[in-house]
file my_file-v4.cif (mmCIF, C-alpha atoms)
data_entry
#
loop_
_atom_site.label_atom_id
_atom_site.label_comp_id
_atom_site.auth_asym_id
_atom_site.auth_seq_id
_atom_site.Cartn_x
_atom_site.Cartn_y
_atom_site.Cartn_z
CA MET A 227 1.66 -9.97 1.78
CA ARG A 228 3.26 -11.27 4.94
CA GLY A 229 5.68 -8.56 5.97
CA PRO A 230 6.84 -5.38 4.28
CA VAL A 231 8.97 -6.88 1.49
CA PRO A 232 6.08 -8.11 -0.71
CA LEU A 233 4.24 -4.83 -0.07
CA ALA A 234 7.28 -2.78 -1.07
CA HIS A 235 7.72 -4.87 -4.21
CA LEU A 236 4.03 -4.47 -5.13
CA LEU A 237 4.35 -0.69 -4.82
CA LEU A 238 7.60 -0.59 -6.80
CA ARG A 239 6.08 -2.70 -9.61
CA GLN A 240 3.29 -0.16 -9.83
CA VAL A 241 5.60 2.87 -10.00
CA VAL A 242 8.89 1.92 -11.69
CA LYS A 243 8.75 1.53 -15.48
CA ALA A 244 11.19 0.75 -18.27
CA GLY A 245 13.68 3.57 -18.80
CA ASP A 246 13.35 4.91 -15.24
CA ARG A 247 16.19 5.94 -12.96
CA VAL A 248 16.05 4.67 -9.37
CA VAL A 249 18.21 4.32 -6.23
CA ASP A 250 18.66 1.45 -3.79
CA ALA A 251 20.16 3.25 -0.80
CA THR A 252 20.95 0.04 1.14
CA CYS A 253 21.52 -2.81 -1.28
CA GLY A 254 22.18 -5.45 1.39
CA ASN A 255 21.83 -8.89 -0.16
CA GLY A 256 20.68 -7.31 -3.43
CA LYS A 257 17.13 -8.66 -3.71
CA ASP A 258 15.60 -5.18 -4.01
CA THR A 259 18.38 -4.09 -6.37
CA LEU A 260 17.58 -7.05 -8.61
CA LEU A 261 13.87 -6.17 -8.74
CA LEU A 262 14.73 -2.55 -9.58
CA ALA A 263 17.15 -3.68 -12.31
CA GLU A 264 14.39 -5.81 -13.85
CA LEU A 265 11.80 -3.02 -13.69
CA VAL A 266 13.94 -0.25 -15.26
CA GLY A 267 14.78 -2.45 -18.24
CA GLU A 268 17.66 -2.04 -20.69
CA THR A 269 17.31 1.71 -20.97
CA GLY A 270 16.99 2.44 -17.25
CA GLN A 271 19.58 2.99 -14.55
CA VAL A 272 19.95 1.88 -10.93
CA TRP A 273 22.36 3.37 -8.40
CA ALA A 274 22.90 1.03 -5.43
CA PHE A 275 24.76 1.97 -2.22
CA ASP A 276 26.24 -0.03 0.63
CA ILE A 277 29.12 0.52 3.04
CA GLN A 278 29.87 -3.23 3.37
CA SER A 279 31.88 -4.90 0.63
CA GLU A 280 30.16 -8.20 1.49
CA ALA A 281 26.82 -6.63 0.55
CA LEU A 282 28.14 -5.21 -2.70
CA GLU A 283 29.66 -8.57 -3.66
CA ARG A 284 26.42 -10.44 -2.96
CA THR A 285 24.48 -7.86 -4.95
CA HIS A 286 26.90 -8.00 -7.87
CA GLN A 287 26.73 -11.81 -7.98
CA ARG A 288 22.93 -11.73 -7.96
CA LEU A 289 22.79 -9.14 -10.75
CA ASP A 290 25.46 -10.89 -12.78
CA ALA A 291 23.62 -14.24 -12.57
CA ALA A 292 20.51 -12.51 -13.94
CA GLY A 293 22.48 -10.76 -16.68
CA LEU A 294 21.44 -7.34 -15.35
CA ALA A 295 24.72 -5.98 -13.92
CA ASP A 296 25.22 -3.53 -16.81
CA ARG A 297 22.38 -1.25 -15.77
CA VAL A 298 23.38 -0.98 -12.09
CA THR A 299 26.05 1.32 -10.67
CA LEU A 300 27.29 -0.14 -7.36
CA LEU A 301 28.72 2.45 -5.00
CA ALA A 302 30.81 1.55 -1.93
CA CYS A 303 29.59 4.65 -0.12
CA GLY A 304 27.26 5.49 2.71
CA HIS A 305 23.75 6.43 1.60
CA GLU A 306 24.20 9.92 3.05
CA THR A 307 26.23 10.67 -0.11
CA LEU A 308 23.47 9.79 -2.56
CA ALA A 309 22.32 13.30 -3.42
CA THR A 310 25.91 14.15 -4.34
CA LEU A 311 26.67 11.00 -6.32
CA VAL A 312 23.43 10.41 -8.25
CA PRO A 313 23.56 12.80 -11.22
CA SER A 314 19.86 13.01 -12.10
CA LEU A 315 16.34 13.06 -10.72
CA VAL A 316 14.95 9.59 -9.98
CA CYS A 317 11.45 8.16 -9.67
CA ALA A 318 12.11 5.93 -6.65
CA VAL A 319 14.55 5.61 -3.75
CA ILE A 320 14.36 2.64 -1.40
CA PHE A 321 15.86 2.12 2.05
CA ASN A 322 15.95 -1.13 3.97
CA LEU A 323 17.18 -0.09 7.42
CA GLY A 324 18.87 -2.25 10.06
CA TRP A 325 21.63 -4.77 9.44
CA LEU A 326 22.81 -6.94 6.55
CA PRO A 327 20.91 -10.26 6.72
CA GLY A 328 23.46 -12.96 7.53
CA GLY A 329 26.14 -10.31 8.14
CA ASP A 330 27.64 -8.57 11.17
CA ARG A 331 24.73 -7.42 13.37
CA ALA A 332 26.97 -4.84 15.02
CA ILE A 333 26.91 -2.88 11.76
CA ILE A 334 23.52 -1.18 11.57
CA THR A 335 22.15 1.92 9.92
CA GLU A 336 22.32 4.88 12.30
CA PRO A 337 20.10 7.98 12.56
CA ALA A 338 23.14 10.27 12.19
CA THR A 339 23.59 9.09 8.60
CA THR A 340 20.08 7.83 7.86
CA LEU A 341 18.44 11.25 8.30
CA PRO A 342 20.84 13.08 5.92
CA ALA A 343 20.36 10.19 3.47
CA LEU A 344 16.57 10.54 3.61
CA GLU A 345 16.85 14.31 3.11
CA GLY A 346 19.13 13.65 0.14
CA ALA A 347 16.59 11.20 -1.27
CA LEU A 348 13.86 13.85 -1.21
CA GLN A 349 16.18 16.26 -3.07
CA ILE A 350 16.76 13.90 -5.99
CA LEU A 351 13.19 12.55 -6.13
CA ASP A 352 11.18 13.61 -9.16
CA GLU A 353 7.58 14.83 -8.74
CA GLY A 354 5.24 11.88 -8.21
CA GLY A 355 8.25 9.74 -7.23
CA LEU A 356 8.37 7.41 -4.24
CA LEU A 357 10.69 7.15 -1.25
CA LEU A 358 10.09 3.75 0.33
CA ILE A 359 11.63 2.97 3.73
CA THR A 360 11.41 -0.36 5.55
CA CYS A 361 11.89 0.23 9.29
CA TYR A 362 12.93 -2.47 11.78
CA PRO A 363 12.03 -1.38 15.33
CA GLY A 364 12.72 -4.85 16.75
CA HIS A 365 16.48 -4.63 17.40
CA ALA A 366 18.57 -2.56 19.82
CA GLY A 367 19.16 0.73 18.01
CA GLY A 368 16.37 -0.03 15.54
CA ASP A 369 13.72 1.23 17.94
CA ARG A 370 15.54 4.55 18.32
CA GLU A 371 16.18 4.84 14.59
CA THR A 372 12.52 4.05 13.83
CA GLU A 373 11.39 6.74 16.27
CA THR A 374 13.71 9.27 14.63
CA VAL A 375 12.54 8.39 11.12
CA LEU A 376 8.85 8.52 12.12
CA THR A 377 9.34 11.96 13.69
CA TRP A 378 11.09 13.17 10.56
CA ALA A 379 8.41 11.77 8.24
CA THR A 380 5.51 13.12 10.30
CA ALA A 381 6.97 16.63 10.11
CA LEU A 382 7.19 16.70 6.29
CA ASP A 383 5.14 19.44 4.61
CA ALA A 384 1.80 17.87 3.62
CA GLN A 385 1.55 20.18 0.58
CA ARG A 386 4.79 18.79 -0.84
CA PHE A 387 4.80 15.18 0.39
CA HIS A 388 2.19 12.46 0.91
CA VAL A 389 3.46 10.37 3.82
CA TRP A 390 2.05 6.93 4.61
CA ARG A 391 2.79 4.41 7.34
CA MET A 392 1.91 0.87 6.29
CA GLY A 393 2.17 -1.69 9.06
CA GLN A 394 0.58 -4.99 9.97
CA LEU A 395 -1.97 -4.87 12.82
CA ASN A 396 -2.23 -8.50 13.90
CA VAL A 397 1.47 -9.10 14.56
CA ASP A 398 3.90 -8.05 17.28
CA GLN A 399 4.22 -4.27 17.05
CA SER A 400 8.02 -4.51 16.93
CA ALA A 401 7.64 -6.09 13.49
CA PRO A 402 9.06 -4.21 10.49
CA PHE A 403 6.81 -1.81 8.58
CA CYS A 404 6.93 0.45 5.53
CA LEU A 405 7.03 4.20 5.32
CA LEU A 406 6.15 5.65 1.96
CA VAL A 407 6.80 9.26 0.99
CA GLN A 408 5.49 10.44 -2.36
CA LYS A 409 6.66 13.80 -3.69
CA ALA A 410 3.54 15.73 -4.71
CA ILE A 411 3.11 16.89 -8.27
CA SER A 412 3.39 20.68 -8.18
CA ARG A 413 0.46 22.86 -9.20
CA HIS A 414 2.61 24.62 -11.81
CA ALA A 415 3.23 21.31 -13.58
CA ALA A 416 -0.41 20.16 -13.37
CA MET B 136 -1.62 9.55 -3.36
CA ARG B 137 -3.35 12.21 -1.33
CA GLY B 138 -5.89 10.29 0.77
CA PRO B 139 -7.00 6.67 0.74
CA VAL B 140 -8.94 6.61 -2.54
CA PRO B 141 -5.91 6.67 -4.88
CA LEU B 142 -4.15 4.14 -2.63
CA ALA B 143 -7.17 1.80 -2.71
CA HIS B 144 -7.39 2.13 -6.49
CA LEU B 145 -3.66 1.39 -6.89
CA LEU B 146 -4.04 -1.80 -4.80
CA LEU B 147 -7.16 -2.88 -6.68
CA ARG B 148 -5.47 -2.35 -10.07
CA GLN B 149 -2.70 -4.64 -8.88
CA VAL B 150 -5.03 -7.42 -7.71
CA VAL B 151 -8.20 -7.44 -9.83
CA LYS B 152 -7.82 -8.92 -13.33
CA ALA B 153 -10.08 -9.62 -16.30
CA GLY B 154 -12.57 -12.39 -15.55
CA ASP B 155 -12.48 -11.84 -11.76
CA ARG B 156 -15.48 -11.69 -9.43
CA VAL B 157 -15.54 -8.86 -6.90
CA VAL B 158 -17.86 -7.07 -4.46
CA ASP B 159 -18.42 -3.40 -3.73
CA ALA B 160 -20.12 -3.55 -0.33
CA THR B 161 -20.96 0.18 -0.24
CA CYS B 162 -21.35 1.51 -3.75
CA GLY B 163 -22.14 5.12 -2.72
CA ASN B 164 -21.65 7.36 -5.72
CA GLY B 165 -20.33 4.43 -7.76
CA LYS B 166 -16.76 5.53 -8.43
CA ASP B 167 -15.25 2.38 -6.93
CA THR B 168 -17.91 0.22 -8.63
CA LEU B 169 -16.93 1.75 -11.96
CA LEU B 170 -13.24 0.98 -11.43
CA LEU B 171 -14.08 -2.62 -10.48
CA ALA B 172 -16.33 -2.98 -13.55
CA GLU B 173 -13.46 -1.79 -15.76
CA LEU B 174 -10.92 -4.13 -14.14
CA VAL B 175 -13.01 -7.34 -14.31
CA GLY B 176 -13.64 -6.86 -18.01
CA GLU B 177 -16.38 -8.42 -20.13
CA THR B 178 -16.05 -11.84 -18.56
CA GLY B 179 -15.97 -10.70 -14.93
CA GLN B 180 -18.73 -9.92 -12.45
CA VAL B 181 -19.28 -7.22 -9.84
CA TRP B 182 -21.87 -7.34 -7.05
CA ALA B 183 -22.55 -3.87 -5.61
CA PHE B 184 -24.60 -3.19 -2.47
CA ASP B 185 -26.22 -0.09 -1.04
CA ILE B 186 -29.25 0.55 1.17
CA GLN B 187 -29.95 3.98 -0.40
CA SER B 188 -31.80 4.10 -3.72
CA GLU B 189 -30.09 7.43 -4.44
CA ALA B 190 -26.71 5.66 -4.31
CA LEU B 191 -27.85 2.82 -6.55
CA GLU B 192 -29.26 5.28 -9.09
CA ARG B 193 -26.03 7.31 -9.19
CA THR B 194 -24.02 4.12 -9.57
CA HIS B 195 -26.27 2.80 -12.32
CA GLN B 196 -26.03 6.09 -14.24
CA ARG B 197 -22.24 6.09 -13.97
CA LEU B 198 -21.97 2.48 -15.15
CA ASP B 199 -24.50 3.00 -17.93
CA ALA B 200 -22.64 6.05 -19.25
CA ALA B 201 -19.47 3.94 -19.44
CA GLY B 202 -21.29 1.03 -21.12
CA LEU B 203 -20.38 -1.29 -18.23
CA ALA B 204 -23.75 -1.84 -16.52
CA ASP B 205 -24.12 -5.39 -17.89
CA ARG B 206 -21.37 -6.86 -15.73
CA VAL B 207 -22.60 -5.32 -12.43
CA THR B 208 -25.40 -6.69 -10.24
CA LEU B 209 -26.80 -3.84 -8.12
CA LEU B 210 -28.41 -5.00 -4.90
CA ALA B 211 -30.65 -2.77 -2.77
CA CYS B 212 -29.61 -4.58 0.38
CA GLY B 213 -27.44 -3.91 3.38
CA HIS B 214 -23.90 -5.24 3.07
CA GLU B 215 -24.49 -7.61 6.00
CA THR B 216 -26.35 -9.79 3.47
CA LEU B 217 -23.42 -10.17 1.09
CA ALA B 218 -22.26 -13.65 2.09
CA THR B 219 -25.82 -14.88 1.49
CA LEU B 220 -26.40 -13.10 -1.82
CA VAL B 221 -23.04 -13.47 -3.59
CA PRO B 222 -23.04 -16.99 -5.05
CA SER B 223 -19.29 -17.55 -5.50
CA LEU B 224 -15.87 -16.87 -4.06
CA VAL B 225 -14.46 -13.46 -5.00
CA CYS B 226 -10.96 -11.99 -5.21
CA ALA B 227 -11.79 -8.59 -3.68
CA VAL B 228 -14.37 -6.96 -1.44
CA ILE B 229 -14.28 -3.22 -0.81
CA PHE B 230 -15.98 -1.13 1.86
CA ASN B 231 -16.14 2.65 1.96
CA LEU B 232 -17.58 3.38 5.41
CA GLY B 233 -19.40 6.54 6.55
CA TRP B 234 -22.08 8.39 4.63
CA LEU B 235 -23.07 8.89 1.01
CA PRO B 236 -21.11 11.92 -0.35
CA GLY B 237 -23.65 14.64 -1.09
CA GLY B 238 -26.40 12.56 0.57
CA ASP B 239 -28.11 12.50 3.96
CA ARG B 240 -25.36 12.59 6.61
CA ALA B 241 -27.73 11.09 9.17
CA ILE B 242 -27.52 7.80 7.27
CA ILE B 243 -24.15 6.26 8.13
CA THR B 244 -22.73 2.78 8.26
CA GLU B 245 -23.09 1.31 11.77
CA PRO B 246 -20.93 -1.24 13.61
CA ALA B 247 -23.98 -3.47 14.22
CA THR B 248 -24.21 -4.19 10.48
CA THR B 249 -20.63 -3.38 9.43
CA LEU B 250 -19.07 -6.14 11.57
CA PRO B 251 -21.34 -8.93 10.23
CA ALA B 252 -20.70 -7.58 6.73
CA LEU B 253 -16.91 -7.77 7.26
CA GLU B 254 -17.23 -11.31 8.61
CA GLY B 255 -19.30 -12.19 5.56
CA ALA B 256 -16.66 -10.68 3.29
CA LEU B 257 -13.97 -12.93 4.79
CA GLN B 258 -16.21 -15.97 4.19
CA ILE B 259 -16.57 -15.33 0.45
CA LEU B 260 -12.99 -14.19 -0.10
CA ASP B 261 -10.82 -16.53 -2.12
CA GLU B 262 -7.26 -17.33 -0.95
CA GLY B 263 -4.92 -14.45 -1.79
CA GLY B 264 -7.95 -12.15 -2.11
CA LEU B 265 -8.20 -8.66 -0.63
CA LEU B 266 -10.69 -7.04 1.70
CA LEU B 267 -10.16 -3.29 1.48
CA ILE B 268 -11.89 -0.99 3.99
CA THR B 269 -11.72 2.79 3.98
CA CYS B 270 -12.43 4.09 7.51
CA TYR B 271 -13.57 7.64 8.33
CA PRO B 272 -12.92 8.41 12.00
CA GLY B 273 -13.64 12.13 11.50
CA HIS B 274 -17.44 12.19 11.95
CA ALA B 275 -19.70 11.51 14.95
CA GLY B 276 -20.23 7.76 14.95
CA GLY B 277 -17.28 7.26 12.59
CA ASP B 278 -14.80 7.37 15.44
CA ARG B 279 -16.69 4.62 17.27
CA GLU B 280 -17.10 2.56 14.11
CA THR B 281 -13.39 2.93 13.29
CA GLU B 282 -12.45 1.77 16.77
CA THR B 283 -14.70 -1.28 16.44
CA VAL B 284 -13.32 -2.19 13.02
CA LEU B 285 -9.70 -1.76 14.17
CA THR B 286 -10.32 -4.02 17.18
CA TRP B 287 -11.92 -6.63 14.90
CA ALA B 288 -9.07 -6.48 12.36
CA THR B 289 -6.32 -6.61 15.00
CA ALA B 290 -7.82 -9.81 16.43
CA LEU B 291 -7.80 -11.71 13.11
CA ASP B 292 -5.69 -14.90 13.08
CA ALA B 293 -2.27 -13.95 11.66
CA GLN B 294 -1.87 -17.41 10.14
CA ARG B 295 -5.00 -16.94 8.03
CA PHE B 296 -5.04 -13.19 7.36
CA HIS B 297 -2.42 -10.52 6.65
CA VAL B 298 -3.85 -7.31 8.13
CA TRP B 299 -2.43 -3.89 7.23
CA ARG B 300 -3.29 -0.38 8.37
CA MET B 301 -2.30 2.24 5.79
CA GLY B 302 -2.70 5.81 6.98
CA GLN B 303 -1.09 9.17 6.28
CA LEU B 304 1.28 10.47 8.97
CA ASN B 305 1.53 14.17 8.19
CA VAL B 306 -2.20 14.97 8.24
CA ASP B 307 -4.81 15.33 10.98
CA GLN B 308 -5.18 11.90 12.58
CA SER B 309 -8.98 12.00 12.14
CA ALA B 310 -8.34 11.73 8.38
CA PRO B 311 -9.60 8.60 6.59
CA PHE B 312 -7.29 5.61 6.21
CA CYS B 313 -7.26 2.15 4.62
CA LEU B 314 -7.40 -1.23 6.25
CA LEU B 315 -6.33 -4.10 4.07
CA VAL B 316 -6.98 -7.75 4.92
CA GLN B 317 -5.49 -10.38 2.63
CA LYS B 318 -6.63 -13.98 3.04
CA ALA B 319 -3.48 -16.10 3.24
CA ILE B 320 -2.84 -18.82 0.70
CA SER B 321 -3.16 -22.10 2.58
CA ARG B 322 -0.19 -24.43 2.90
CA HIS B 323 -2.21 -27.25 1.36
CA ALA B 324 -2.67 -25.24 -1.81
CA ALA B 325 0.94 -24.04 -1.96
#

call {"tool": "encode", "arguments": {"input": "my_file-v4.cif", "output": "structure tokens"}}
result
Amino acid sequence: MRGPVPLAHLLLRQVVKAGDRVVDATCGNGKDTLLLAELVGETGQVWAFDIQSEALERTHQRLDAAGLADRVTLLACGHETLATLVPSLVCAVIFNLGWLPGGDRAIITEPATTLPALEGALQILDEGGLLLITCYPGHAGGDRETETVLTWATALDAQRFHVWRMGQLNVDQSAPFCLLVQKAISRHAA
Amino acid sequence: MRGPVPLAHLLLRQVVKAGDRVVDATCGNGKDTLLLAELVGETGQVWAFDIQSEALERTHQRLDAAGLADRVTLLACGHETLATLVPSLVCAVIFNLGWLPGGDRAIITEPATTLPALEGALQILDEGGLLLITCYPGHAGGDRETETVLTWATALDAQRFHVWRMGQLNVDQSAPFCLLVQKAISRHAA
């Protein structure tokens, strides 16, 4: 597991099952969306957001080539709208912050929309569900966004959310890392 | 996943398969040993170490009750001997540092033996295999041991080992956390 992508995929494989509903808040080049589409199977549903049409096109092509486009709703909207647009509880929401790989590096996720998006993700997350965020502190703006997201995550109520930071130790500390927020299972339900 | 035990078990379930060989370097009350014995199946093998006879007895009872004692070799030896006593490469080695739960809290793991044990674990780890260490900085001696282990892990060659720290953000920072070291798959083999 060199870097956060294989770690995120390992965690998603453990949590997302056939028939599940999940959200990719930042579909980018569509690699995560494709994995989610595979994991939820024929009876599941993926909602995938991006503000760049280039990202949505790449994602659609990738899904189409795999024959999985039917189970994915692509939304040309900012991720801050997800709690409004996703009509049900979901078992996972993933965010890959920063810019579109191979795209315009001037277009990056920004705290002003990322924080409302993360709050929205917690609202639609089912109990036991995972919010998985890959943070990129290594670019201008990314350091500030990472700081904001870490402050937000650290302040979450420990009775309601289990919050983990998963980062590599023996690499440059500006390397990307994962934040994982699991919604606790309530005592009433247990 | 409240605390490192469920996280460690999730990672082990993902990595350890039927027929595998694995090591529990600190069997303690035997809960991790039992999980490993289940995962390796009838054709696998677990080597489990502890210096306290109380720990070995508890572990044996737990394994015996589950009908899984036959696939576990219990060794009344310190974990610093593991590279000498385990006769093959393994796909996982786990360490749960600190004291025996419910036992004598004066008997704790110590850096002078923990570091050689960790070095030994890396020697017997197969490519792609996991070394999983749960650290407990919250007791006298545990803070010093944690510091030593973190320094050791941070200095590992990034070409040969992927080193992750996985800790909870929204809890007291003396809470236990996981260190995960994965031996890289060599380019020759790939």

call {"tool": "resolve_selection", "arguments": {"input": "my_file-v4.cif", "expression": "the PyMOL selection byres ((chain A) within 8 of (chain B))", "output": "NGL selection string"}}
result
:A and (227-228 or 236 or 240 or 379-384 or 388-397 or 408)

call {"tool": "atom_distance", "arguments": {"input": "my_file-v4.cif", "atom1": "atom CA of Ala143 of chain B", "atom2": "atom CA of Ile186 of chain B"}}
result
22.5 Å

call {"tool": "atom_distance", "arguments": {"input": "my_file-v4.cif", "atom1": "atom CA of Leu300 of chain A", "atom2": "atom CA of Cys317 of chain A"}}
result
18.0 Å

call {"tool": "closest_residue", "arguments": {"input": "my_file-v4.cif", "among": "B:Thr168, B:Asn231, B:Ser223, B:Gln187", "to": "Ala204 of chain B", "atoms": "all atoms listed in the file"}}
result
B:Thr168

call {"tool": "atom_distance", "arguments": {"input": "my_file-v4.cif", "atom1": "atom CA of Gly324 of chain A", "atom2": "atom CA of Gly355 of chain A"}}
result
23.6 Å

call {"tool": "resolve_selection", "arguments": {"input": "my_file-v4.cif", "expression": "the PyMOL selection byres ((chain B and resi 276) around 12)", "output": "list in words"}}
result
Leu232, Gly233, Trp234, Arg240, Ala241, Ile242, Ile243, Thr244, Glu245, Pro246, Ala247, Cys270, Tyr271, Pro272, Gly273, His274, Ala275, Gly277, Asp278, Arg279, Glu280, Thr281, Glu282 and Thr283 of chain B

call {"tool": "resolve_selection", "arguments": {"input": "my_file-v4.cif", "expression": "the PyMOL selection byres ((chain A and resi 270) around 12)", "output": "PyMOL selection string"}}
result
chain A and resi 242-249+262-269+271-273+294-299+316-317

call {"tool": "closest_residue", "arguments": {"input": "my_file-v4.cif", "among": "A:Ile320, A:Val231, A:Leu238, A:Leu261", "to": "Pro402 of chain A", "atoms": "only C-alpha atoms"}}
result
A:Val231

call {"tool": "closest_residue", "arguments": {"input": "my_file-v4.cif", "among": "B:Pro222, B:Asp239, B:His144, B:Ile268", "to": "Ala160 of chain B", "atoms": "only C-alpha atoms"}}
result
B:Ile268

call {"tool": "decode", "arguments": {"input": "my_file-v4.cif", "residues": "segment 169-177 of chain B", "atoms": "all heavy atoms", "output": "compact mmCIF listing (two decimals), in the first residue's frame"}}
result
# COMPACT_ATOMS: atom_id res chain seq x y z
N LEU B 169 -6.69 -16.16 18.47
CA LEU B 169 -7.89 -16.88 18.02
C LEU B 169 -8.32 -16.42 16.63
O LEU B 169 -8.62 -17.26 15.76
CB LEU B 169 -9.04 -16.65 19.03
CG LEU B 169 -10.36 -17.32 18.66
CD1 LEU B 169 -10.25 -18.83 18.70
CD2 LEU B 169 -11.48 -16.86 19.61
N LEU B 170 -8.34 -15.12 16.40
CA LEU B 170 -8.71 -14.62 15.06
C LEU B 170 -7.75 -15.18 14.01
O LEU B 170 -8.18 -15.66 12.96
CB LEU B 170 -8.69 -13.09 15.03
CG LEU B 170 -8.93 -12.51 13.62
CD1 LEU B 170 -10.35 -12.77 13.14
CD2 LEU B 170 -8.62 -11.02 13.57
N LEU B 171 -6.45 -15.13 14.30
CA LEU B 171 -5.47 -15.63 13.34
C LEU B 171 -5.69 -17.12 13.07
O LEU B 171 -5.64 -17.57 11.92
CB LEU B 171 -4.05 -15.39 13.85
CG LEU B 171 -3.60 -13.92 13.90
CD1 LEU B 171 -2.25 -13.80 14.60
CD2 LEU B 171 -3.54 -13.31 12.51
N ALA B 172 -5.97 -17.89 14.14
CA ALA B 172 -6.20 -19.33 13.98
C ALA B 172 -7.42 -19.60 13.09
O ALA B 172 -7.43 -20.52 12.27
CB ALA B 172 -6.37 -19.99 15.34
N GLU B 173 -8.45 -18.77 13.24
CA GLU B 173 -9.63 -18.90 12.38
C GLU B 173 -9.27 -18.61 10.92
O GLU B 173 -9.63 -19.35 10.00
CB GLU B 173 -10.73 -17.94 12.83
CG GLU B 173 -11.41 -18.33 14.13
CD GLU B 173 -12.29 -17.21 14.69
OE1 GLU B 173 -12.38 -16.13 14.05
OE2 GLU B 173 -12.83 -17.40 15.78
N LEU B 174 -8.53 -17.51 10.72
CA LEU B 174 -8.26 -17.05 9.35
C LEU B 174 -7.34 -18.00 8.58
O LEU B 174 -7.50 -18.17 7.38
CB LEU B 174 -7.64 -15.64 9.38
CG LEU B 174 -8.56 -14.52 9.90
CD1 LEU B 174 -7.78 -13.20 9.99
CD2 LEU B 174 -9.78 -14.34 9.02
N VAL B 175 -6.35 -18.62 9.25
CA VAL B 175 -5.41 -19.48 8.51
C VAL B 175 -6.02 -20.84 8.17
O VAL B 175 -5.47 -21.57 7.34
CB VAL B 175 -4.07 -19.69 9.25
CG1 VAL B 175 -3.37 -18.35 9.48
CG2 VAL B 175 -4.25 -20.44 10.56
N GLY B 176 -7.11 -21.18 8.83
CA GLY B 176 -7.80 -22.42 8.49
C GLY B 176 -7.02 -23.67 8.88
O GLY B 176 -5.99 -23.60 9.56
N GLU B 177 -7.53 -24.81 8.45
CA GLU B 177 -6.95 -26.11 8.83
C GLU B 177 -5.54 -26.30 8.32
O GLU B 177 -4.74 -27.00 8.92
CB GLU B 177 -7.81 -27.25 8.26
CG GLU B 177 -9.10 -27.48 9.01
CD GLU B 177 -9.87 -28.64 8.41
OE1 GLU B 177 -9.24 -29.55 7.83
OE2 GLU B 177 -11.11 -28.63 8.52
